[in-house]
Structure formats: structure tokens, C-alpha cells
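Q: Contents of my_file14.pdb (PDB, C-alpha atoms) are below:
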ATOM      1  CA  MET A  34     101.539  21.053  79.285  1.00  0.00           C
ATOM      2  CA  SER A  35     100.622  20.105  75.719  1.00  0.00           C
ATOM      3  CA  ASN A  36      98.147  17.244  75.133  1.00  0.00           C
ATOM      4  CA  GLU A  37      99.843  16.378  71.838  1.00  0.00           C
ATOM      5  CA  TRP A  38     101.825  13.149  71.670  1.00  0.00           C
ATOM      6  CA  PRO A  39     104.677  13.209  71.142  1.00  0.00           C
ATOM      7  CA  PRO A  40     104.922  16.809  72.380  1.00  0.00           C
ATOM      8  CA  PRO A  41     106.161  19.485  69.941  1.00  0.00           C
ATOM      9  CA  GLY A  42     109.928  19.348  69.614  1.00  0.00           C
ATOM     10  CA  HIS A  43     110.108  15.732  70.829  1.00  0.00           C
ATOM     11  CA  SER A  44     111.174  13.457  68.029  1.00  0.00           C
ATOM     12  CA  PHE A  45     111.596  10.256  70.054  1.00  0.00           C
ATOM     13  CA  PHE A  46     109.366   8.395  72.494  1.00  0.00           C
ATOM     14  CA  TYR A  47     108.975   4.889  73.869  1.00  0.00           C
ATOM     15  CA  ARG A  48     106.911   2.922  76.384  1.00  0.00           C
ATOM     16  CA  MET A  49     108.592   1.704  79.548  1.00  0.00           C
ATOM     17  CA  GLU A  50     107.473  -0.566  82.376  1.00  0.00           C
ATOM     18  CA  VAL A  51     108.235   0.484  85.941  1.00  0.00           C
ATOM     19  CA  GLN A  52     108.425  -2.013  88.784  1.00  0.00           C
ATOM     20  CA  LEU A  53     108.521  -0.593  92.306  1.00  0.00           C
ATOM     21  CA  ASP A  54     108.972  -2.753  95.390  1.00  0.00           C
ATOM     22  CA  GLY A  55     105.598  -3.407  96.979  1.00  0.00           C
ATOM     23  CA  PHE A  56     103.580  -1.984  94.085  1.00  0.00           C
ATOM     24  CA  ALA A  57     102.081  -3.440  90.945  1.00  0.00           C
ATOM     25  CA  PRO A  58     104.088  -2.648  87.804  1.00  0.00           C
ATOM     26  CA  TYR A  59     102.829   0.172  85.623  1.00  0.00           C
ATOM     27  CA  GLU A  60     103.609   1.493  82.167  1.00  0.00           C
ATOM     28  CA  MET A  61     104.225   5.021  80.956  1.00  0.00           C
ATOM     29  CA  ASP A  62     105.141   6.662  77.685  1.00  0.00           C
ATOM     30  CA  VAL A  63     108.348   8.678  77.767  1.00  0.00           C
ATOM     31  CA  SER A  64     109.332  11.306  75.203  1.00  0.00           C
ATOM     32  CA  ILE A  65     112.806  12.756  74.831  1.00  0.00           C
ATOM     33  CA  PRO A  66     113.581  16.143  73.250  1.00  0.00           C
ATOM     34  CA  SER A  67     116.005  15.715  70.385  1.00  0.00           C
ATOM     35  CA  ALA A  68     118.314  18.382  71.858  1.00  0.00           C
ATOM     36  CA  ARG A  69     118.831  16.608  75.212  1.00  0.00           C
ATOM     37  CA  GLU A  70     121.515  13.980  75.436  1.00  0.00           C
ATOM     38  CA  GLU A  71     120.988  12.990  79.083  1.00  0.00           C
ATOM     39  CA  VAL A  72     117.766  12.547  81.020  1.00  0.00           C
ATOM     40  CA  ASP A  73     116.968  11.882  84.690  1.00  0.00           C
ATOM     41  CA  ILE A  74     113.579  10.323  85.408  1.00  0.00           C
ATOM     42  CA  ALA A  75     113.394  12.284  88.669  1.00  0.00           C
ATOM     43  CA  THR A  76     113.145  15.498  86.636  1.00  0.00           C
ATOM     44  CA  PHE A  77     110.417  14.364  84.215  1.00  0.00           C
ATOM     45  CA  ARG A  78     107.145  16.278  83.925  1.00  0.00           C
ATOM     46  CA  VAL A  79     104.395  13.717  84.509  1.00  0.00           C
ATOM     47  CA  SER A  80     100.834  13.789  83.163  1.00  0.00           C
ATOM     48  CA  ARG A  81      98.195  11.369  81.879  1.00  0.00           C
ATOM     49  CA  HIS A  82      96.922  10.933  78.337  1.00  0.00           C
ATOM     50  CA  GLY A  83      93.518  12.617  78.320  1.00  0.00           C
ATOM     51  CA  GLY A  84      94.102  14.453  81.597  1.00  0.00           C
ATOM     52  CA  PRO A  85      93.341  13.471  85.223  1.00  0.00           C
ATOM     53  CA  ASP A  86      90.625  10.852  85.768  1.00  0.00           C
ATOM     54  CA  GLU A  87      88.484   9.928  88.794  1.00  0.00           C
ATOM     55  CA  GLY A  88      91.174   7.628  90.167  1.00  0.00           C
ATOM     56  CA  ASP A  89      93.686  10.476  90.054  1.00  0.00           C
ATOM     57  CA  ALA A  90      91.257  12.771  91.887  1.00  0.00           C
ATOM     58  CA  ALA A  91      90.691  10.189  94.651  1.00  0.00           C
ATOM     59  CA  PHE A  92      94.436   9.566  94.980  1.00  0.00           C
ATOM     60  CA  ARG A  93      95.129  13.305  95.243  1.00  0.00           C
ATOM     61  CA  ASP A  94      92.487  13.740  97.944  1.00  0.00           C
ATOM     62  CA  ARG A  95      94.206  11.083 100.025  1.00  0.00           C
ATOM     63  CA  LEU A  96      97.750  12.275  99.288  1.00  0.00           C
ATOM     64  CA  TYR A  97      97.088  15.969  99.827  1.00  0.00           C
ATOM     65  CA  ARG A  98      95.366  15.297 103.145  1.00  0.00           C
ATOM     66  CA  ILE A  99      98.328  13.476 104.672  1.00  0.00           C
ATOM     67  CA  LEU A 100     100.844  15.920 103.163  1.00  0.00           C
ATOM     68  CA  GLY A 101      98.863  18.742 104.731  1.00  0.00           C
ATOM     69  CA  GLU A 102      99.059  17.017 108.125  1.00  0.00           C
ATOM     70  CA  ILE A 103     102.838  16.782 107.795  1.00  0.00           C
ATOM     71  CA  VAL A 104     103.221  20.422 106.745  1.00  0.00           C
ATOM     72  CA  VAL A 105     101.049  21.583 109.661  1.00  0.00           C
ATOM     73  CA  ALA A 106     102.948  19.376 112.138  1.00  0.00           C
ATOM     74  CA  GLY A 107     106.263  20.683 110.805  1.00  0.00           C
ATOM     75  CA  GLY A 108     105.053  24.243 111.294  1.00  0.00           C
ATOM     76  CA  HIS A 109     104.075  23.387 114.862  1.00  0.00           C
ATOM     77  CA  VAL A 110     107.595  22.061 115.485  1.00  0.00           C
ATOM     78  CA  GLU A 111     109.222  25.273 114.274  1.00  0.00           C
ATOM     79  CA  SER A 112     106.800  27.376 116.353  1.00  0.00           C
ATOM     80  CA  ALA A 113     107.569  25.272 119.435  1.00  0.00           C
ATOM     81  CA  MET A 114     111.292  25.725 118.839  1.00  0.00           C
ATOM     82  CA  LYS A 115     110.863  29.482 118.535  1.00  0.00           C
ATOM     83  CA  ARG A 116     108.817  29.694 121.735  1.00  0.00           C
ATOM     84  CA  LEU A 117     111.469  27.759 123.642  1.00  0.00           C
ATOM     85  CA  VAL A 118     114.337  29.854 122.304  1.00  0.00           C
ATOM     86  CA  LEU A 119     112.545  33.050 123.332  1.00  0.00           C
ATOM     87  CA  LEU A 120     111.671  31.675 126.773  1.00  0.00           C
ATOM     88  CA  LEU A 121     115.065  30.185 127.597  1.00  0.00           C
ATOM     89  CA  LYS A 122     116.999  33.207 126.357  1.00  0.00           C
ATOM     90  CA  GLY A 123     114.675  35.578 128.180  1.00  0.00           C
ATOM     91  CA  GLU A 124     113.856  37.441 124.969  1.00  0.00           C
ATOM     92  CA  GLN A 125     110.777  39.614 124.659  1.00  0.00           C
ATOM     93  CA  GLY A 126     108.813  40.136 121.470  1.00  0.00           C
ATOM     94  CA  GLY A 127     107.304  37.931 118.803  1.00  0.00           C
ATOM     95  CA  PHE A 128     108.652  35.313 116.448  1.00  0.00           C
ATOM     96  CA  SER A 129     110.380  37.957 114.315  1.00  0.00           C
ATOM     97  CA  VAL A 130     113.100  37.955 116.985  1.00  0.00           C
ATOM     98  CA  VAL A 131     113.878  34.323 116.119  1.00  0.00           C
ATOM     99  CA  ASP A 132     113.150  34.294 112.391  1.00  0.00           C
ATOM    100  CA  LYS A 133     115.510  31.372 111.785  1.00  0.00           C
ATOM    101  CA  THR A 134     115.562  28.098 109.869  1.00  0.00           C
ATOM    102  CA  TRP A 135     114.851  24.739 111.528  1.00  0.00           C
ATOM    103  CA  SER A 136     118.613  23.987 111.589  1.00  0.00           C
ATOM    104  CA  ASP A 137     119.479  27.317 113.222  1.00  0.00           C
ATOM    105  CA  LEU A 138     116.718  26.949 115.830  1.00  0.00           C
ATOM    106  CA  HIS A 139     117.972  23.443 116.627  1.00  0.00           C
ATOM    107  CA  LYS A 140     121.506  24.783 117.168  1.00  0.00           C
ATOM    108  CA  MET A 141     120.185  27.535 119.419  1.00  0.00           C
ATOM    109  CA  LEU A 142     118.269  25.012 121.523  1.00  0.00           C
ATOM    110  CA  LEU A 143     121.307  22.745 121.723  1.00  0.00           C
ATOM    111  CA  ALA A 144     123.255  25.662 123.159  1.00  0.00           C
ATOM    112  CA  GLN A 145     120.504  26.219 125.740  1.00  0.00           C
ATOM    113  CA  SER A 146     120.553  22.520 126.689  1.00  0.00           C
ATOM    114  CA  ARG A 147     124.197  22.906 127.749  1.00  0.00           C
ATOM    115  CA  ARG A 148     123.434  25.691 130.214  1.00  0.00           C
ATOM    116  CA  SER A 149     122.692  25.257 133.899  1.00  0.00           C
ATOM    117  CA  ILE A 150     118.937  25.657 133.566  1.00  0.00           C
ATOM    118  CA  PRO A 151     116.145  23.450 134.976  1.00  0.00           C
ATOM    119  CA  GLN A 152     115.035  22.333 131.486  1.00  0.00           C
ATOM    120  CA  ALA A 153     118.533  21.377 130.277  1.00  0.00           C
ATOM    121  CA  LYS A 154     118.400  17.591 130.729  1.00  0.00           C
ATOM    122  CA  GLU A 155     114.895  17.118 129.329  1.00  0.00           C
ATOM    123  CA  LEU A 156     115.587  19.506 126.429  1.00  0.00           C
ATOM    124  CA  SER A 157     118.728  17.559 125.518  1.00  0.00           C
ATOM    125  CA  GLU A 158     116.770  14.295 125.550  1.00  0.00           C
ATOM    126  CA  ILE A 159     114.001  15.734 123.370  1.00  0.00           C
ATOM    127  CA  LEU A 160     116.448  17.161 120.837  1.00  0.00           C
ATOM    128  CA  SER A 161     118.233  13.792 120.685  1.00  0.00           C
ATOM    129  CA  TRP A 162     114.880  12.061 120.120  1.00  0.00           C
ATOM    130  CA  GLY A 163     114.192  14.391 117.198  1.00  0.00           C
ATOM    131  CA  GLU A 164     117.600  13.678 115.690  1.00  0.00           C
ATOM    132  CA  GLN A 165     117.241   9.914 116.160  1.00  0.00           C
ATOM    133  CA  HIS A 166     113.962   9.983 114.228  1.00  0.00           C
ATOM    134  CA  ASP A 167     115.485  12.205 111.499  1.00  0.00           C
ATOM    135  CA  LEU A 168     112.548  14.592 111.736  1.00  0.00           C
ATOM    136  CA  LYS A 169     114.023  17.488 109.772  1.00  0.00           C
ATOM    137  CA  ARG A 170     114.767  15.168 106.858  1.00  0.00           C
ATOM    138  CA  ARG A 171     111.245  13.717 107.042  1.00  0.00           C
ATOM    139  CA  ARG A 172     109.729  17.210 106.904  1.00  0.00           C
ATOM    140  CA  ASP A 173     112.076  18.350 104.123  1.00  0.00           C
ATOM    141  CA  ASP A 174     111.374  15.258 102.015  1.00  0.00           C
ATOM    142  CA  VAL A 175     107.710  16.248 102.015  1.00  0.00           C
ATOM    143  CA  VAL A 176     107.966  20.009 101.605  1.00  0.00           C
ATOM    144  CA  HIS A 177     110.860  20.151  99.133  1.00  0.00           C
ATOM    145  CA  SER A 178     109.844  17.297  96.842  1.00  0.00           C
ATOM    146  CA  SER A 179     107.978  17.216  93.564  1.00  0.00           C
ATOM    147  CA  TRP A 180     105.160  14.710  94.093  1.00  0.00           C
ATOM    148  CA  TRP A 181     103.933  12.312  91.423  1.00  0.00           C
ATOM    149  CA  ASP A 182     100.276  12.980  92.193  1.00  0.00           C
ATOM    150  CA  TRP A 183      98.858  10.413  89.786  1.00  0.00           C
ATOM    151  CA  ASP A 184      97.094   7.193  90.680  1.00  0.00           C
ATOM    152  CA  GLY A 185      98.829   3.903  89.943  1.00  0.00           C
ATOM    153  CA  VAL A 186     102.453   5.029  90.361  1.00  0.00           C
ATOM    154  CA  GLY A 187     102.764   4.361  94.081  1.00  0.00           C
ATOM    155  CA  VAL A 188     103.541   7.043  96.650  1.00  0.00           C
ATOM    156  CA  GLN A 189     106.434   8.591  94.785  1.00  0.00           C
ATOM    157  CA  ARG A 190     108.257  11.894  94.743  1.00  0.00           C
ATOM    158  CA  SER A 191     111.332  13.486  93.237  1.00  0.00           C
ATOM    159  CA  ARG A 192     113.760  15.292  95.510  1.00  0.00           C
ATOM    160  CA  PHE A 193     116.525  17.582  94.327  1.00  0.00           C
ATOM    161  CA  TYR A 194     119.382  17.971  96.787  1.00  0.00           C
ATOM    162  CA  ARG A 195     122.082  20.607  96.688  1.00  0.00           C
ATOM    163  CA  LYS A 196     125.001  19.605  94.450  1.00  0.00           C
ATOM    164  CA  MET A 197     123.281  16.301  93.577  1.00  0.00           C
ATOM    165  CA  ASP A 198     121.159  14.962  90.762  1.00  0.00           C
ATOM    166  CA  GLY A 199     117.502  14.257  91.406  1.00  0.00           C
ATOM    167  CA  ALA A 200     116.480  11.250  93.459  1.00  0.00           C
ATOM    168  CA  SER A 201     113.236   9.286  93.202  1.00  0.00           C
ATOM    169  CA  LEU A 202     111.884   8.492  96.686  1.00  0.00           C
ATOM    170  CA  ILE A 203     109.413   5.636  97.030  1.00  0.00           C
ATOM    171  CA  GLY A 204     107.268   5.233 100.125  1.00  0.00           C
ATOM    172  CA  SER A 205     103.746   4.476 101.278  1.00  0.00           C
ATOM    173  CA  PHE A 206     100.826   6.201 102.946  1.00  0.00           C
ATOM    174  CA  GLU A 207     101.786   4.373 106.136  1.00  0.00           C
ATOM    175  CA  ASP A 208     105.239   5.994 105.968  1.00  0.00           C
ATOM    176  CA  LEU A 209     103.661   9.425 105.597  1.00  0.00           C
ATOM    177  CA  LYS A 210     101.293   8.809 108.505  1.00  0.00           C
ATOM    178  CA  GLU A 211     104.318   7.915 110.632  1.00  0.00           C
ATOM    179  CA  ASP A 212     106.017  11.166 109.562  1.00  0.00           C
ATOM    180  CA  ALA A 213     102.966  13.181 110.627  1.00  0.00           C
ATOM    181  CA  LYS A 214     102.678  11.325 113.937  1.00  0.00           C
ATOM    182  CA  LEU A 215     106.347  11.786 114.864  1.00  0.00           C
ATOM    183  CA  LEU A 216     106.423  15.475 113.932  1.00  0.00           C
ATOM    184  CA  ALA A 217     103.280  16.170 115.957  1.00  0.00           C
ATOM    185  CA  SER A 218     104.778  14.303 118.919  1.00  0.00           C
ATOM    186  CA  TYR A 219     108.007  16.317 118.654  1.00  0.00           C
ATOM    187  CA  ALA A 220     106.077  19.597 118.741  1.00  0.00           C
ATOM    188  CA  GLU A 221     104.186  18.422 121.831  1.00  0.00           C
ATOM    189  CA  LYS A 222     107.374  17.358 123.619  1.00  0.00           C
ATOM    190  CA  LEU A 223     109.002  20.743 122.967  1.00  0.00           C
ATOM    191  CA  ASP A 224     105.901  22.697 123.968  1.00  0.00           C
ATOM    192  CA  ARG A 225     105.610  20.847 127.280  1.00  0.00           C
ATOM    193  CA  LEU A 226     108.920  22.409 128.334  1.00  0.00           C
ATOM    194  CA  LEU A 227     107.254  25.819 128.309  1.00  0.00           C
ATOM    195  CA  GLY A 228     105.351  24.891 131.466  1.00  0.00           C
ATOM    196  CA  PRO A 229     103.150  27.774 132.622  1.00  0.00           C
ATOM    197  CA  HIS A 230     105.401  30.422 131.066  1.00  0.00           C
ATOM    198  CA  TRP A 231     103.715  31.001 127.700  1.00  0.00           C
ATOM    199  CA  PRO A 232     100.299  32.424 126.744  1.00  0.00           C
ATOM    200  CA  GLN A 233      97.666  29.865 125.805  1.00  0.00           C
ATOM    201  CA  ALA A 234      94.331  29.925 124.013  1.00  0.00           C
ATOM    202  CA  ARG A 235      91.624  27.264 124.057  1.00  0.00           C
ATOM    203  CA  LEU A 236      88.432  27.051 122.078  1.00  0.00           C
ATOM    204  CA  PRO A 237      85.198  26.299 123.938  1.00  0.00           C
ATOM    205  CA  ARG A 238      84.169  22.689 124.483  1.00  0.00           C
ATOM    206  CA  ARG A 239      81.524  21.399 122.072  1.00  0.00           C
ATOM    207  CA  ASP A 240      79.100  18.611 122.738  1.00  0.00           C
ATOM    208  CA  THR A 241      79.675  15.619 120.494  1.00  0.00           C
ATOM    209  CA  PRO A 242      76.617  14.329 118.606  1.00  0.00           C
TER     210      PRO A 242
END
Rewrite the coordinates I just gave you, this time as C-alpha cells.
A:
Amino acid sequence: MSNEWPPPGHSFFYRMEVQLDGFAPYEMDVSIPSAREEVDIATFRVSRHGGPDEGDAAFRDRLYRILGEIVVAGGHVESAMKRLVLLLKGEQGGFSVVDKTWSDLHKMLLAQSRRSIPQAKELSEILSWGEQHDLKRRRDDVVHSSWWDWDGVGVQRSRFYRKMDGASLIGSFEDLKEDAKLLASYAEKLDRLLGPHWPQARLPRRDTP
């Protein structure tokens, strides 16, 4: 991204103030290419005059850490769903047998919850808990968003949905921590249904200092 201001090919720019609920207002300079008639702030490329500073680096450390927790927890959920599908369907082989999306795995588990199997009632309750907490949407809003990873703009991201314009999503670090906590809990609930019927590995205990 060019450090020139306004960028080459941009003949118009202005300064705007942004006020987000729960955050201090901030200002940013916005430039508009002369050839574009319509703009959507959710699609803007964001940078800082002079490049990232120490505050940006500290903000990114904090943001990336919690986003990583959510991505890992979401991966654990999908792995737990795959294990359960394989177990309940009596399939042999690895995860390639159930190389499906979250939505497809959820549908497959719903079908299993309607069978006469010992895990049916608890599986149905766990799947309902996941739906009530909107866990797929929480995961998707992290993984499929473009994050504004700059200090001073709040915890903000742009999300682009199918057949919709971009949306700016405003949250907080507390919201993201809740996402990570719920996703990790969902993975644990699903994995508990495996009982003794799946291989396990445990690292050796280490003495704490």
C-alpha cells in the first residue's frame, strides 16, 4: 500500500470522525478514487500514516492471541464432530471419510440424534446448546472477517456475506473471550460422548515451578 497521501489516482480525500458505542471517538483520513461513485466503509483498506507504531504492535499481540484461541477452539469443534460421526455411523478410517463443512457435520449429527442409540438424547441436547449459542456464526465471524488490526479503532472487523454488502461488526475483547470459551466448551461436550471408544494421547505430567 502506497505511503503517499492522497494515494496515486485518488483526487479527493477528507477527514472523518468515527464514534463507536463504548469507545472513544477517533479520526481517520479517507480518500476516494475519482472513478468510484459508491463506497462502503466495510471494504476500505486501512493503514496508518507513517506505518504501524508501538501501540499498533501491542494491540495486534492482544488481538491475534484471542483470535488464535477462537480458531483453535473452532478446529477442535469440527474434529469432535468428525469423531462422533465416524463413531456413531460405525465408519472406519480417518477424517478423510468425513471431510465435510461444519454445517454438513451438524446435519449428520442431527440425523444420528434421531436414531435409537444410547447417545441420542444427550447428543440432541448438546447440538441444541450449540445452536442456541450461535457457535457457527461466532466462529465464522472471526475466521471470515477482515480485521481492523490498528490501535484506537476498537475491536472492529468487516464481514462480507453472500449476496450482501459488507458489514462492520463492532465488539470487544470480552466478546471474543466469550466466543473462545463457548467454542472450547462445545468441543468438550461433543468429545465426552465418545466415552472409551476413541484413541487418546496424553503428554507426561510436569512439575510446576
Q: For Trp135 of chain A, which residue out of A:Lys222, A:Lys115, A:Arg78, A:His230 is the nearest one, using all atoms listed in the file?
A: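 Checking each of A:Lys222, A:Lys115, A:Arg78, A:His230 against Trp135 of chain A, counting all atoms listed in the file, the winner is A:Lys115.
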Q: Run the PyMOL selection byres ((chain A and resi 202-213) around 8) against the file shown and list the residues it catches, as a PyMOL selection string.
A: chain A and resi 53+96+99-100+102-103+106+168+171-172+187-192+200-201+214-217
Q: What's the separation between atom CA of Tyr47 of chain A and atom CA of His177 of chain A, in Å to one decimal place?
A: 29.6 Å
Q: Rank A:Met141, A:Ala75, A:Val186, A:Met61 by their smallest atom-to-atom distance to Met114 of chain A, using only C-alpha atoms, and report the top residue only.
A: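 Of the candidates, the smallest distance to Met114 of chain A is held by A:Met141.
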Q: Which residues would end up in the selection if the PyMOL selection byres ((chain A and resi 60) around 12) were applied here, given that I need the answer as a PyMOL selection string?
A: chain A and resi 47-53+57-59+61-63+81+185-186
Q: Which of these residues is nearest to Phe77 of chain A, using only C-alpha atoms: A:Ser218, A:Gln152, A:Ser179, A:Gln233?
A: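 That would be A:Ser179, the residue with the smallest distance to Phe77 of chain A.
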Q: Can you measure atom CA of Ile74 of chain A to atom CA of Arg170 of chain A for me? One decimal in Å is fine.
A: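 Calculated distance between atom CA of Ile74 of chain A and atom CA of Arg170 of chain A is 22.0 Å.
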Q: With distances taken over only C-alpha atoms, which residue among A:Glu111, A:Tyr219, A:Arg93, A:Phe193 lies nearest Glu164 of chain A?
A: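 Closest to Glu164 of chain A of all the choices is A:Tyr219.
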Q: So, counting only C-alpha atoms, which residue among A:Lys122, A:Arg225, A:Lys133, A:Arg238 is closest to Ile150 of chain A?
A: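 Under the stated criterion, the closest residue is A:Lys122.
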Q: Nearest to Thr76 of chain A: which of A:Thr241, A:Ser178, A:Val130, A:Arg235 is it, counting all atoms listed in the file?
A: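 Among the listed residues, the smallest separation from Thr76 of chain A belongs to A:Ser178.
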